[in-house]
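S.K.: Sharing query_18.tsv, TSV, C-alpha atoms and all ligand atoms:
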chain	number	residue	atom	x	y	z
I	38	MET	CA	-11.97	-14.12	3.47
I	39	LYS	CA	-14.45	-14.33	0.59
I	40	ILE	CA	-15.48	-12.45	-2.52
I	41	SER	CA	-19.04	-11.35	-1.78
I	42	ALA	CA	-19.97	-9.45	-4.95
I	43	ALA	CA	-18.67	-8.98	-8.49
I	44	ARG	CA	-20.17	-6.15	-10.51
I	45	VAL	CA	-19.48	-4.80	-13.97
I	46	ILE	CA	-19.80	-1.04	-14.43
I	47	VAL	CA	-20.07	0.47	-17.92
I	48	THR	CA	-19.62	4.20	-18.31
I	49	CYS	CA	-18.97	6.67	-21.13
I	50	PRO	CA	-17.45	9.92	-19.80
I	51	GLY	CA	-16.41	10.91	-23.34
I	52	ARG	CA	-15.49	7.32	-24.28
I	53	ASN	CA	-16.56	3.86	-23.11
I	54	PHE	CA	-14.96	2.07	-20.17
I	55	VAL	CA	-15.76	-1.31	-18.63
I	56	THR	CA	-14.80	-1.71	-14.96
I	57	LEU	CA	-15.05	-4.73	-12.67
I	58	LYS	CA	-15.59	-4.15	-8.95
I	59	LEU	CA	-14.95	-7.03	-6.56
I	60	GLU	CA	-16.28	-6.71	-3.01
I	61	THR	CA	-15.30	-8.88	-0.05
I	62	ASP	CA	-16.93	-9.96	3.19
I	63	GLN	CA	-14.31	-7.87	5.00
I	64	GLY	CA	-15.36	-4.59	3.43
I	65	VAL	CA	-12.25	-4.20	1.25
I	66	TYR	CA	-12.92	-3.94	-2.47
I	67	GLY	CA	-10.78	-3.86	-5.59
I	68	ILE	CA	-11.32	-2.63	-9.13
I	69	GLY	CA	-10.01	-3.74	-12.51
I	70	ASP	CA	-10.31	-2.42	-16.08
I	71	ALA	CA	-11.84	-4.63	-18.82
I	72	THR	CA	-12.17	-2.13	-21.68
I	73	LEU	CA	-11.82	-3.48	-25.25
I	74	ASN	CA	-12.14	-0.49	-27.55
I	75	GLY	CA	-14.97	-0.89	-30.08
I	76	ARG	CA	-15.99	-4.33	-28.73
I	77	GLU	CA	-16.75	-3.40	-25.10
I	78	LEU	CA	-19.98	-5.33	-24.56
I	79	ALA	CA	-18.38	-8.64	-25.53
I	80	VAL	CA	-16.21	-8.40	-22.41
I	81	VAL	CA	-19.18	-7.24	-20.32
I	82	ALA	CA	-21.08	-10.41	-21.30
I	83	TYR	CA	-18.02	-12.63	-20.78
I	84	LEU	CA	-17.61	-11.25	-17.27
I	85	GLN	CA	-21.26	-11.05	-16.26
I	86	GLU	CA	-22.41	-14.34	-17.73
I	87	HIS	CA	-19.34	-16.53	-17.35
I	88	VAL	CA	-16.85	-15.14	-14.83
I	89	CYS	CA	-18.68	-13.28	-12.05
I	90	PRO	CA	-20.74	-16.35	-10.99
I	91	LEU	CA	-17.47	-18.30	-10.54
I	92	LEU	CA	-15.97	-15.70	-8.20
I	93	ILE	CA	-18.59	-15.48	-5.48
I	94	GLY	CA	-17.49	-17.21	-2.28
I	95	ARG	CA	-13.85	-17.63	-3.41
I	96	ASP	CA	-10.83	-16.49	-1.39
I	97	PRO	CA	-9.56	-13.26	-3.02
I	98	ARG	CA	-6.08	-13.82	-1.58
I	99	ARG	CA	-5.46	-16.74	-3.95
I	100	ILE	CA	-4.63	-14.60	-6.98
I	101	GLU	CA	-2.46	-17.15	-8.79
I	102	ASP	CA	-4.95	-19.97	-8.34
I	103	LEU	CA	-7.84	-17.81	-9.55
I	104	TRP	CA	-5.80	-16.73	-12.58
I	105	GLN	CA	-5.07	-20.36	-13.49
I	106	TYR	CA	-8.70	-21.29	-12.81
I	107	LEU	CA	-9.98	-18.67	-15.27
I	108	TYR	CA	-7.25	-19.34	-17.88
I	109	ARG	CA	-7.09	-23.14	-17.83
I	110	GLY	CA	-10.62	-23.62	-16.59
I	111	ALA	CA	-12.31	-22.05	-19.62
I	112	TYR	CA	-10.67	-24.69	-21.85
I	113	TRP	CA	-10.74	-22.02	-24.63
I	114	ARG	CA	-7.57	-20.01	-24.28
I	115	ARG	CA	-6.19	-16.55	-25.06
I	116	GLY	CA	-7.79	-13.85	-27.22
I	117	PRO	CA	-8.57	-10.19	-26.46
I	118	VAL	CA	-11.96	-10.81	-24.79
I	119	THR	CA	-10.89	-13.65	-22.48
I	120	MET	CA	-7.62	-12.05	-21.48
I	121	ARG	CA	-9.26	-8.69	-20.68
I	122	ALA	CA	-11.81	-10.41	-18.47
I	123	ILE	CA	-8.99	-12.27	-16.67
I	124	ALA	CA	-7.01	-9.01	-16.40
I	125	ALA	CA	-9.94	-7.21	-14.77
I	126	VAL	CA	-10.25	-9.93	-12.11
I	127	ASP	CA	-6.49	-10.08	-11.59
I	128	VAL	CA	-6.01	-6.32	-11.18
I	129	ALA	CA	-8.97	-6.10	-8.78
I	130	LEU	CA	-7.45	-8.93	-6.71
I	131	TRP	CA	-4.01	-7.26	-6.57
I	132	ASP	CA	-5.79	-4.05	-5.52
I	133	ILE	CA	-7.50	-5.94	-2.68
I	134	LYS	CA	-4.30	-7.67	-1.59
I	135	ALA	CA	-2.30	-4.42	-1.53
I	136	LYS	CA	-5.06	-2.66	0.39
I	137	MET	CA	-5.13	-5.53	2.93
I	138	ALA	CA	-1.34	-5.24	3.29
I	139	GLY	CA	-1.64	-1.46	3.64
I	140	MET	CA	0.90	-1.05	0.83
I	141	PRO	CA	1.02	0.66	-2.53
I	142	LEU	CA	1.01	-2.13	-5.12
I	143	TYR	CA	4.62	-1.45	-6.21
I	144	ASP	CA	5.78	-2.40	-2.70
I	145	LEU	CA	3.96	-5.69	-2.86
I	146	LEU	CA	5.56	-6.44	-6.24
I	147	GLY	CA	9.05	-6.01	-4.84
I	148	GLY	CA	9.42	-2.28	-4.29
I	149	LYS	CA	10.39	0.64	-6.49
I	150	SER	CA	13.27	0.26	-8.93
I	151	ARG	CA	13.18	3.95	-9.95
I	152	GLU	CA	12.11	7.37	-8.78
I	153	GLY	CA	9.61	8.07	-11.53
I	154	VAL	CA	8.11	6.47	-14.64
I	155	LEU	CA	9.34	8.03	-17.89
I	156	VAL	CA	6.35	8.64	-20.15
I	157	TYR	CA	5.85	9.73	-23.74
I	158	GLY	CA	3.04	11.99	-24.89
I	159	HIS	CA	1.15	12.04	-28.19
I	160	ALA	CA	1.83	15.02	-30.45
I	161	ASN	CA	-0.04	15.23	-33.72
I	162	GLY	CA	-0.90	17.71	-36.43
I	163	ALA	CA	-2.64	17.89	-39.79
I	164	ASP	CA	0.65	18.67	-41.55
I	165	LEU	CA	4.38	18.86	-40.93
I	166	GLY	CA	4.33	22.40	-39.51
I	167	SER	CA	1.54	21.83	-37.04
I	168	THR	CA	3.07	18.51	-35.92
I	169	VAL	CA	6.36	20.27	-35.18
I	170	GLU	CA	4.39	22.85	-33.21
I	171	ALA	CA	2.56	20.13	-31.28
I	172	VAL	CA	5.85	18.41	-30.34
I	173	GLY	CA	7.10	21.80	-29.07
I	174	HIS	CA	3.99	22.11	-26.95
I	175	TYR	CA	4.64	18.73	-25.29
I	176	LEU	CA	8.27	19.64	-24.62
I	177	GLU	CA	7.09	22.88	-22.99
I	178	MET	CA	4.81	20.82	-20.73
I	179	GLY	CA	7.92	19.01	-19.51
I	180	TYR	CA	7.78	15.79	-21.54
I	181	LYS	CA	11.18	14.20	-22.21
I	182	ALA	CA	9.73	11.84	-24.82
I	183	VAL	CA	7.15	12.56	-27.52
I	184	ARG	CA	5.44	10.43	-30.16
I	185	ALA	CA	4.91	12.33	-33.41
I	186	GLN	CA	2.11	11.47	-35.88
I	187	SER	CA	1.27	13.72	-38.80
I	188	GLY	CA	-1.19	14.10	-41.62
I	189	ILE	CA	0.35	12.79	-44.87
I	190	PRO	CA	0.26	15.06	-47.97
I	191	GLY	CA	-2.39	13.66	-50.32
I	192	LEU	CA	-4.24	11.62	-47.66
I	193	ASP	CA	-7.13	13.18	-45.77
I	194	LEU	CA	-7.34	11.08	-42.60
I	195	ALA	CA	-4.15	9.71	-41.05
I	196	TYR	CA	-3.77	7.42	-38.05
I	197	GLY	CA	-2.98	9.33	-34.86
I	198	VAL	CA	-4.15	12.73	-36.08
I	199	GLY	CA	-7.13	14.42	-34.44
I	200	ARG	CA	-9.71	16.46	-36.28
I	201	GLY	CA	-8.69	19.80	-34.87
I	202	VAL	CA	-8.43	18.63	-31.25
I	203	LEU	CA	-5.23	18.15	-29.27
I	204	HIS	CA	-6.37	14.87	-27.77
I	205	TYR	CA	-6.78	12.34	-30.53
I	206	GLU	CA	-9.57	9.80	-29.96
I	207	PRO	CA	-9.76	7.05	-32.58
I	208	ALA	CA	-13.12	5.40	-31.72
I	209	ASP	CA	-14.97	8.41	-33.03
I	210	ALA	CA	-18.20	7.28	-34.67
I	211	ALA	CA	-21.27	5.06	-34.27
I	212	MET	CA	-20.17	3.25	-37.46
I	213	PRO	CA	-16.50	2.78	-38.44
I	214	THR	CA	-14.99	5.81	-40.19
I	215	GLU	CA	-13.43	4.83	-43.55
I	216	THR	CA	-9.88	6.07	-44.04
I	217	ARG	CA	-7.59	5.69	-47.07
I	218	TRP	CA	-3.97	4.60	-47.03
I	219	ASP	CA	-1.07	5.02	-49.43
I	220	THR	CA	2.26	3.47	-48.42
I	221	ARG	CA	4.39	5.38	-50.94
I	222	LYS	CA	3.04	8.76	-49.86
I	223	TYR	CA	3.71	7.81	-46.24
I	224	LEU	CA	7.24	6.50	-46.81
I	225	ASP	CA	8.17	9.58	-48.83
I	226	PHE	CA	6.95	11.96	-46.13
I	227	ILE	CA	7.88	10.56	-42.70
I	228	PRO	CA	11.69	11.00	-42.86
I	229	SER	CA	11.21	14.71	-43.67
I	230	LEU	CA	9.08	15.08	-40.53
I	231	PHE	CA	11.75	13.61	-38.25
I	232	GLU	CA	14.49	15.55	-40.03
I	233	ARG	CA	12.61	18.77	-39.23
I	234	LEU	CA	11.95	17.68	-35.63
I	235	ARG	CA	15.68	17.12	-35.03
I	236	GLU	CA	16.56	20.44	-36.74
I	237	THR	CA	14.06	22.25	-34.52
I	238	PHE	CA	14.53	20.53	-31.16
I	239	GLY	CA	18.06	19.11	-31.32
I	240	ALA	CA	19.34	15.73	-30.20
I	241	GLU	CA	17.94	15.67	-26.66
I	242	PRO	CA	14.22	14.75	-26.75
I	243	ALA	CA	13.29	11.11	-27.27
I	244	LEU	CA	11.16	10.87	-30.44
I	245	LEU	CA	8.83	7.95	-31.17
I	246	HIS	CA	6.58	6.99	-34.06
I	247	ASP	CA	3.70	4.51	-34.48
I	248	VAL	CA	3.40	2.84	-37.91
I	249	HIS	CA	0.17	1.14	-36.76
I	250	HIS	CA	0.64	-2.14	-38.67
I	251	ARG	CA	0.57	-0.50	-42.12
I	252	LEU	CA	3.77	-1.76	-43.79
I	253	THR	CA	5.12	-4.99	-45.26
I	254	PRO	CA	8.43	-6.23	-43.79
I	255	ILE	CA	10.60	-4.82	-46.61
I	256	GLU	CA	8.79	-1.46	-46.44
I	257	ALA	CA	9.31	-1.40	-42.68
I	258	ALA	CA	12.99	-2.14	-43.25
I	259	ARG	CA	13.20	0.85	-45.60
I	260	LEU	CA	11.45	3.12	-43.09
I	261	GLY	CA	13.73	2.04	-40.24
I	262	LYS	CA	16.77	2.64	-42.40
I	263	SER	CA	15.64	6.06	-43.58
I	264	LEU	CA	14.97	7.15	-39.97
I	265	GLU	CA	18.38	6.06	-38.63
I	266	PRO	CA	19.96	9.54	-38.93
I	267	PHE	CA	17.23	10.96	-36.65
I	268	ASP	CA	17.85	8.55	-33.77
I	269	LEU	CA	14.31	7.47	-32.91
I	270	PHE	CA	13.55	5.91	-29.53
I	271	TRP	CA	11.48	3.37	-31.46
I	272	ILE	CA	9.20	2.69	-34.38
I	273	GLU	CA	6.10	0.84	-33.22
I	274	ASP	CA	4.01	-1.89	-34.90
I	275	ALA	CA	5.95	-1.65	-38.15
I	276	THR	CA	4.09	-4.66	-39.60
I	277	PRO	CA	1.22	-6.79	-38.29
I	278	ALA	CA	2.97	-9.20	-35.92
I	279	GLU	CA	0.93	-12.39	-36.22
I	280	ASN	CA	3.90	-13.48	-38.29
I	281	GLN	CA	6.63	-13.07	-35.71
I	282	ASP	CA	9.23	-14.35	-38.15
I	283	ALA	CA	8.69	-11.32	-40.41
I	284	PHE	CA	10.66	-9.23	-37.93
I	285	ARG	CA	13.86	-11.08	-38.85
I	286	LEU	CA	13.82	-9.34	-42.19
I	287	ILE	CA	13.27	-5.87	-40.68
I	288	ARG	CA	15.99	-6.51	-38.11
I	289	GLN	CA	18.52	-7.49	-40.76
I	290	HIS	CA	18.17	-4.09	-42.41
I	291	THR	CA	17.95	-1.50	-39.67
I	292	THR	CA	19.25	-0.46	-36.26
I	293	THR	CA	16.18	1.67	-35.51
I	294	PRO	CA	14.72	0.13	-32.32
I	295	LEU	CA	11.47	-1.80	-32.73
I	296	ALA	CA	8.45	-1.92	-30.41
I	297	VAL	CA	5.51	-4.32	-30.77
I	298	GLY	CA	2.69	-5.80	-28.74
I	299	GLU	CA	-0.23	-3.53	-27.85
I	300	ILE	CA	-2.62	-6.04	-29.42
I	301	PHE	CA	-0.91	-9.13	-27.96
I	302	ASN	CA	-2.72	-11.06	-25.24
I	303	THR	CA	-0.24	-13.58	-23.88
I	304	LEU	CA	3.47	-14.35	-23.91
I	305	TRP	CA	2.82	-16.80	-26.74
I	306	ASP	CA	2.10	-13.88	-29.10
I	307	ALA	CA	5.59	-12.52	-28.44
I	308	LYS	CA	7.65	-15.60	-27.67
I	309	GLU	CA	9.68	-15.75	-30.91
I	310	LEU	CA	10.06	-11.97	-31.06
I	311	ILE	CA	11.55	-11.89	-27.57
I	312	ALA	CA	13.51	-15.13	-27.56
I	313	ASN	CA	15.24	-14.20	-30.84
I	314	GLN	CA	15.74	-10.56	-29.84
I	315	LEU	CA	13.81	-9.38	-32.88
I	316	ILE	CA	12.35	-6.44	-30.92
I	317	ASP	CA	13.65	-3.98	-28.33
I	318	TYR	CA	10.44	-3.10	-26.47
I	319	ILE	CA	7.38	-5.18	-25.62
I	320	ARG	CA	4.17	-3.10	-25.61
I	321	MET	CA	1.82	-5.43	-23.75
I	322	THR	CA	0.07	-3.93	-20.73
I	323	VAL	CA	-2.04	-5.11	-17.80
I	324	VAL	CA	-5.51	-4.83	-19.36
I	325	GLY	CA	-4.66	-6.49	-22.68
I	326	SER	CA	-2.68	-9.40	-21.37
I	327	GLY	CA	-4.17	-11.04	-18.32
I	328	GLY	CA	-3.27	-8.51	-15.63
I	329	ILE	CA	-0.25	-8.10	-13.37
I	330	THR	CA	0.11	-11.86	-12.89
I	331	HIS	CA	0.77	-12.59	-16.55
I	332	LEU	CA	2.51	-9.32	-17.47
I	333	ARG	CA	5.25	-9.80	-14.92
I	334	ARG	CA	5.88	-13.25	-16.36
I	335	VAL	CA	6.24	-11.64	-19.81
I	336	ALA	CA	8.56	-8.98	-18.35
I	337	ASP	CA	10.80	-11.57	-16.71
I	338	PHE	CA	11.04	-13.53	-19.95
I	339	ALA	CA	11.85	-10.27	-21.79
I	340	ALA	CA	14.47	-9.32	-19.19
I	341	ILE	CA	16.59	-12.39	-19.79
I	342	HIS	CA	16.60	-11.60	-23.54
I	343	GLY	CA	17.50	-7.93	-23.17
I	344	VAL	CA	14.03	-6.66	-24.16
I	345	ARG	CA	12.52	-3.77	-22.19
I	346	THR	CA	8.90	-2.84	-21.44
I	347	GLY	CA	6.93	-0.06	-23.12
I	348	CYS	CA	3.35	-0.47	-21.90
I	349	HIS	CA	0.49	0.61	-24.12
I	350	GLY	CA	-1.27	3.60	-22.54
I	351	ALA	CA	-3.78	5.12	-24.95
I	352	THR	CA	-7.03	6.67	-23.65
I	353	ASP	CA	-9.04	3.49	-24.27
I	354	LEU	CA	-7.07	1.98	-21.37
I	355	SER	CA	-8.90	3.39	-18.37
I	356	PRO	CA	-7.23	5.24	-15.47
I	357	VAL	CA	-7.47	1.90	-13.62
I	358	THR	CA	-5.07	0.36	-16.13
I	359	MET	CA	-2.87	3.45	-16.04
I	360	GLY	CA	-2.67	3.24	-12.23
I	361	ALA	CA	-1.89	-0.49	-12.21
I	362	ALA	CA	0.66	-0.06	-15.03
I	363	LEU	CA	2.47	2.69	-13.13
I	364	HIS	CA	2.94	0.40	-10.12
I	365	PHE	CA	4.19	-2.31	-12.45
I	366	ASP	CA	6.49	0.20	-14.22
I	367	SER	CA	7.87	1.45	-10.90
I	368	TRP	CA	8.90	-2.08	-9.96
I	369	VAL	CA	9.83	-3.85	-13.23
I	370	PRO	CA	13.64	-4.03	-13.53
I	371	ASN	CA	13.69	-3.95	-17.36
I	372	PHE	CA	11.50	-0.86	-17.69
I	373	GLY	CA	11.78	1.10	-20.94
I	374	ILE	CA	9.06	3.74	-21.17
I	375	GLN	CA	5.30	4.14	-20.58
I	376	GLU	CA	2.84	5.58	-23.12
I	377	TYR	CA	0.71	8.34	-21.59
I	378	MET	CA	-2.21	9.80	-23.47
I	379	ARG	CA	-4.11	12.07	-21.12
I	380	HIS	CA	-7.73	11.27	-20.28
I	381	SER	CA	-10.44	13.93	-20.45
I	382	GLU	CA	-11.47	15.83	-17.32
I	383	GLU	CA	-14.77	13.90	-17.30
I	384	THR	CA	-12.90	10.59	-17.28
I	385	ASP	CA	-10.50	11.71	-14.56
I	386	ALA	CA	-13.49	12.75	-12.42
I	387	VAL	CA	-15.18	9.33	-12.78
I	388	PHE	CA	-11.90	7.59	-11.85
I	389	PRO	CA	-10.29	9.50	-8.94
I	390	HIS	CA	-6.62	8.50	-8.86
I	391	SER	CA	-3.43	9.12	-6.96
I	392	TYR	CA	-1.00	9.14	-9.93
I	393	GLN	CA	0.52	12.44	-10.98
I	394	PHE	CA	2.56	13.87	-13.84
I	395	GLU	CA	5.63	15.89	-13.00
I	396	ASP	CA	8.41	17.03	-15.30
I	397	GLY	CA	8.15	14.21	-17.84
I	398	TYR	CA	7.56	11.45	-15.29
I	399	LEU	CA	4.46	9.86	-13.82
I	400	HIS	CA	4.35	8.85	-10.16
I	401	PRO	CA	1.90	6.16	-8.97
I	402	GLY	CA	1.30	7.76	-5.55
I	403	ASP	CA	1.53	6.01	-2.20
I	404	THR	CA	-2.10	5.07	-1.53
I	405	ALA	CA	-2.59	1.44	-0.55
I	406	GLY	CA	-3.66	-0.64	-3.58
I	407	HIS	CA	-3.25	0.60	-7.16
I	408	GLY	CA	-4.53	4.01	-6.19
I	409	VAL	CA	-7.48	4.29	-8.61
I	410	ASP	CA	-11.14	4.26	-7.64
I	411	ILE	CA	-14.47	4.65	-9.46
I	412	ASP	CA	-17.17	7.16	-8.53
I	413	GLU	CA	-20.19	5.00	-9.32
I	414	GLU	CA	-22.76	7.76	-9.02
I	415	LEU	CA	-20.92	9.92	-11.48
I	416	ALA	CA	-20.25	6.91	-13.75
I	417	ALA	CA	-24.01	6.23	-13.92
I	418	ARG	CA	-24.57	9.66	-15.47
I	419	TYR	CA	-22.67	8.60	-18.62
I	420	PRO	CA	-24.50	5.72	-20.34
I	421	TYR	CA	-22.75	3.47	-22.89
I	422	LYS	CA	-22.53	4.87	-26.42
I	423	PRO	CA	-21.66	2.56	-29.35
I	424	ALA	CA	-18.37	3.66	-30.94
I	425	TYR	CA	-16.13	1.87	-33.43
I	426	LEU	CA	-12.49	2.22	-34.35
I	427	PRO	CA	-11.95	3.34	-37.96
I	428	VAL	CA	-11.06	1.01	-40.82
I	429	ALA	CA	-8.49	1.61	-43.56
I	430	ARG	CA	-8.57	0.88	-47.29
I	431	LEU	CA	-5.98	1.31	-50.02
I	432	GLN	CA	-6.65	3.94	-52.70
I	433	ASP	CA	-8.40	1.32	-54.89
I	434	GLY	CA	-10.71	0.25	-52.03
I	435	THR	CA	-8.86	-2.87	-50.88
I	436	MET	CA	-9.22	-3.43	-47.12
I	437	TRP	CA	-5.98	-2.70	-45.27
I	438	ASN	CA	-4.79	-2.62	-41.67
I	439	TRP	CA	-6.04	0.39	-39.72
I	501	LIG	O1	-4.73	2.85	-31.79
I	501	LIG	O2	-5.38	2.06	-28.37
I	501	LIG	O3	0.08	3.33	-29.48
I	501	LIG	N1	-1.09	3.55	-29.39
I	501	LIG	C1	-2.02	3.13	-30.23
I	501	LIG	C2	-3.44	3.41	-29.85
I	501	LIG	C3	-4.42	2.45	-30.50
I	501	LIG	C4	-5.69	2.43	-29.68
I	501	LIG	C5	-6.72	1.48	-30.28
I	501	LIG	O4	-7.83	1.39	-29.43
I	501	LIG	O5	-1.72	2.54	-31.25
I	501	LIG	O6	-3.76	4.76	-30.14
I	502	CO	CO	0.25	1.83	-31.07
Please lay out the structure from this file as structure tokens.
M.R.:
Amino acid sequence: MKISAARVIVTCPGRNFVTLKLETDQGVYGIGDATLNGRELAVVAYLQEHVCPLLIGRDPRRIEDLWQYLYRGAYWRRGPVTMRAIAAVDVALWDIKAKMAGMPLYDLLGGKSREGVLVYGHANGADLGSTVEAVGHYLEMGYKAVRAQSGIPGLDLAYGVGRGVLHYEPADAAMPTETRWDTRKYLDFIPSLFERLRETFGAEPALLHDVHHRLTPIEAARLGKSLEPFDLFWIEDATPAENQDAFRLIRQHTTTPLAVGEIFNTLWDAKELIANQLIDYIRMTVVGSGGITHLRRVADFAAIHGVRTGCHGATDLSPVTMGAALHFDSWVPNFGIQEYMRHSEETDAVFPHSYQFEDGYLHPGDTAGHGVDIDEELAARYPYKPAYLPVARLQDGTMWNW
């Protein structure tokens, strides 16, 4: 069995997606996601110029060997571009293998560990009142877990808050939108939001919050402490995590659970965090961190340290990643939760998929493979459109973390 073609498909049904399609001499094909939000064409070039030529003629059944070949063989290791390219190949190969076996991918991984995948939705509003309303809306839709992001009094553009649309889409402009940040305003406001959410909805729903790398360790410690009475499921990306050691300080001050890792690419980004139990949830997912092959290694390492998974699942991760992640989530023994930001109807039409939402849970479906396809004709109707993520500055203009 041989790989006969490797093609990269770029499409923009409302936002940009990069997809790799691997074809074989036996007619079976597989697809993988390679989207890197705001830097998409770097991965396209990496795949087209440097990876696709290496794949032709190779045996697609040798997933592990091909993974090692692309990881070790480049000499240059890690990073968001390389690891997304490897992930796209890896996920396409697992798709092929599961199709050949006539099994849904979760069966090939070891079978289902649970009946459904608990997901959290994204509620947001321009102010406290409309955020509370938005959380109510998600609970009415059946969600058991909701992330709440709100506009901050005195700041005009906040992370996670749409401009009048329910579905927040951060990569929103041909040049990066400039936002302003003020830590004190944020820290003063957020506890009142979660206090109101608990008053309104009671103890039952799981509530989450994304700090999006904005705080210093001692500020994050204060936030975690001030949110303790409201029993959050987690606070996410409390500080930038290049400095894994910084989480020791946060941990010493608060029992609010911590989640990190949507921008990590390999286990090495999270090794100290996991080994020292400085976090509770690891947010890496298939597209960002080398595919199923590497992610399950991360999950096994996390399992022996009591850390659970919480895969990133924003809309810049294509339905292909969502499908693959749901098979992974169905199998992984130390599953925590899965982020689920709904794609637009246009995106769903370009990527027909078998996964389904029901009563707060996602189900991967039983189609052989990962259950997600691409309609290439439809995809071709949506050409690539440059779009950047925003940037953030402090009130005096100093560059900050978006
Ligand atoms: O900002 O994926 O938890 N989710 C997030 C996302 C990220 C985007 C960046 O492309 O933080 O919304
Ligand atoms: Co996040």
S.K.: Using only C-alpha atoms and all ligand atoms, which residue out of I:Leu315, I:Leu426, I:Leu310, I:Val80 lies closest to ligand LIG 501 (chain I)?
M.R.: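 When distances to ligand LIG 501 (chain I) are compared using only C-alpha atoms and all ligand atoms, the smallest one comes from I:Leu426.
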S.K.: Sort by chain and increasing residue number a table of all residues of chain I within 7 Å of ligand LIG 501 (chain I), each with its closest pair of atoms and their distance in Å to one decimal, counting only C-alpha atoms and all ligand atoms, and write it as JSON lines.
M.R.:
{"residue": "I:Asn74", "atom": "CA", "partner": "I:LIG501", "partner_atom": "O4", "distance": 5.1}
{"residue": "I:Gly197", "atom": "CA", "partner": "I:LIG501", "partner_atom": "O6", "distance": 6.6}
{"residue": "I:Pro207", "atom": "CA", "partner": "I:LIG501", "partner_atom": "O1", "distance": 6.6}
{"residue": "I:Asp247", "atom": "CA", "partner": "I:LIG501", "partner_atom": "O3", "distance": 6.3}
{"residue": "I:His249", "atom": "CA", "partner": "I:LIG501", "partner_atom": "O5", "distance": 6.0}
{"residue": "I:His349", "atom": "CA", "partner": "I:LIG501", "partner_atom": "O3", "distance": 6.0}
{"residue": "I:Gly350", "atom": "CA", "partner": "I:LIG501", "partner_atom": "N1", "distance": 6.9}
{"residue": "I:Ala351", "atom": "CA", "partner": "I:LIG501", "partner_atom": "O2", "distance": 4.9}
{"residue": "I:Thr352", "atom": "CA", "partner": "I:LIG501", "partner_atom": "O2", "distance": 6.8}
{"residue": "I:Asp353", "atom": "CA", "partner": "I:LIG501", "partner_atom": "O2", "distance": 5.7}
{"residue": "I:Leu426", "atom": "CA", "partner": "I:LIG501", "partner_atom": "O4", "distance": 6.8}
S.K.: Residues up to 10 Å from ligand CO 502 (chain I), counting all atoms listed in the file: could you list those as a CSV table (one decimal) with C-alpha atoms, keeping the file's coordinate frame?
M.R.:
chain,number,residue,atom,x,y,z
I,196,TYR,CA,-3.8,7.4,-38.0
I,197,GLY,CA,-3.0,9.3,-34.9
I,246,HIS,CA,6.6,7.0,-34.1
I,247,ASP,CA,3.7,4.5,-34.5
I,248,VAL,CA,3.4,2.8,-37.9
I,249,HIS,CA,0.2,1.1,-36.8
I,250,HIS,CA,0.6,-2.1,-38.7
I,272,ILE,CA,9.2,2.7,-34.4
I,273,GLU,CA,6.1,0.8,-33.2
I,274,ASP,CA,4.0,-1.9,-34.9
I,275,ALA,CA,6.0,-1.6,-38.2
I,296,ALA,CA,8.4,-1.9,-30.4
I,297,VAL,CA,5.5,-4.3,-30.8
I,298,GLY,CA,2.7,-5.8,-28.7
I,299,GLU,CA,-0.2,-3.5,-27.8
I,300,ILE,CA,-2.6,-6.0,-29.4
I,320,ARG,CA,4.2,-3.1,-25.6
I,348,CYS,CA,3.4,-0.5,-21.9
I,349,HIS,CA,0.5,0.6,-24.1
I,350,GLY,CA,-1.3,3.6,-22.5
I,351,ALA,CA,-3.8,5.1,-25.0
I,376,GLU,CA,2.8,5.6,-23.1
S.K.: What is the distance between atom CA of I:Asn438 and atom CA of I:Thr276, in Å to one decimal?
M.R.: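 Straight-line distance from atom CA of I:Asn438 to atom CA of I:Thr276 works out to 9.3 Å.
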S.K.: Just to confirm, what's the straight-line distance from atom CA of I:Leu264 to atom CA of I:Pro228 in Å (one decimal)?
M.R.: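 Result for atom CA of I:Leu264 versus atom CA of I:Pro228: 5.8 Å, one decimal.
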S.K.: What's the 7 Å shell around I:Leu130, counting all atoms listed in the file, without same-chain residues fewer than 6 positions away, as JSON, numbers by chain?
M.R.: {"I": [67, 97, 100]}
S.K.: Which residue is closest to I:Ala82? Choose from I:Glu206, I:Val55, I:Pro141, I:Thr61 and count all atoms listed in the file.
M.R.: I:Val55
S.K.: Point out the residue among I:Gly75, I:Gly188, I:Gly360, I:Pro242 with the least atom-to-atom distance to I:Tyr175, counting all atoms listed in the file.
M.R.: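 Residue with the minimum atom-to-atom distance to I:Tyr175: I:Pro242.
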S.K.: At a cut-off of 9 Å, can you tabulate as a tab-separated table every residue of stretch 405-431 of chain I near stretch 134-139 of chain I together with its closest atom pair and the distance in Å to one decimal, using all atoms listed in the file and ordering rows by chain then number?
M.R.:
residue	atom	partner	partner_atom	distance
I:Ala405	CA	I:Lys136	CA	4.9
I:Gly406	CA	I:Ala135	CA	4.5
I:His407	CA	I:Ala135	CA	7.6
S.K.: Using all atoms listed in the file, which protein or nucleic acid residues come within 9 Å of stretch 329-334 of chain I? Drop anything in the same chain fewer than 4 positions from it, and give the result as a short mmCIF file (atom, residue, chain, number, x, y, z; two decimals) with C-alpha atoms, in the frame of the given file.
M.R.:
data_model
loop_
_atom_site.label_atom_id
_atom_site.label_comp_id
_atom_site.auth_asym_id
_atom_site.auth_seq_id
_atom_site.Cartn_x
_atom_site.Cartn_y
_atom_site.Cartn_z
CA ILE I 100 -4.63 -14.60 -6.98
CA GLU I 101 -2.46 -17.15 -8.79
CA TRP I 104 -5.80 -16.73 -12.58
CA ALA I 124 -7.01 -9.01 -16.40
CA ASP I 127 -6.49 -10.08 -11.59
CA VAL I 128 -6.01 -6.32 -11.18
CA TRP I 131 -4.01 -7.26 -6.57
CA THR I 303 -0.24 -13.58 -23.88
CA LEU I 304 3.47 -14.35 -23.91
CA MET I 321 1.82 -5.43 -23.75
CA THR I 322 0.07 -3.93 -20.73
CA VAL I 323 -2.04 -5.11 -17.80
CA VAL I 324 -5.51 -4.83 -19.36
CA PHE I 338 11.04 -13.53 -19.95
CA ALA I 339 11.85 -10.27 -21.79
CA ALA I 361 -1.89 -0.49 -12.21
CA ALA I 362 0.66 -0.06 -15.03
CA PHE I 365 4.19 -2.31 -12.45
CA VAL I 369 9.83 -3.85 -13.23
#
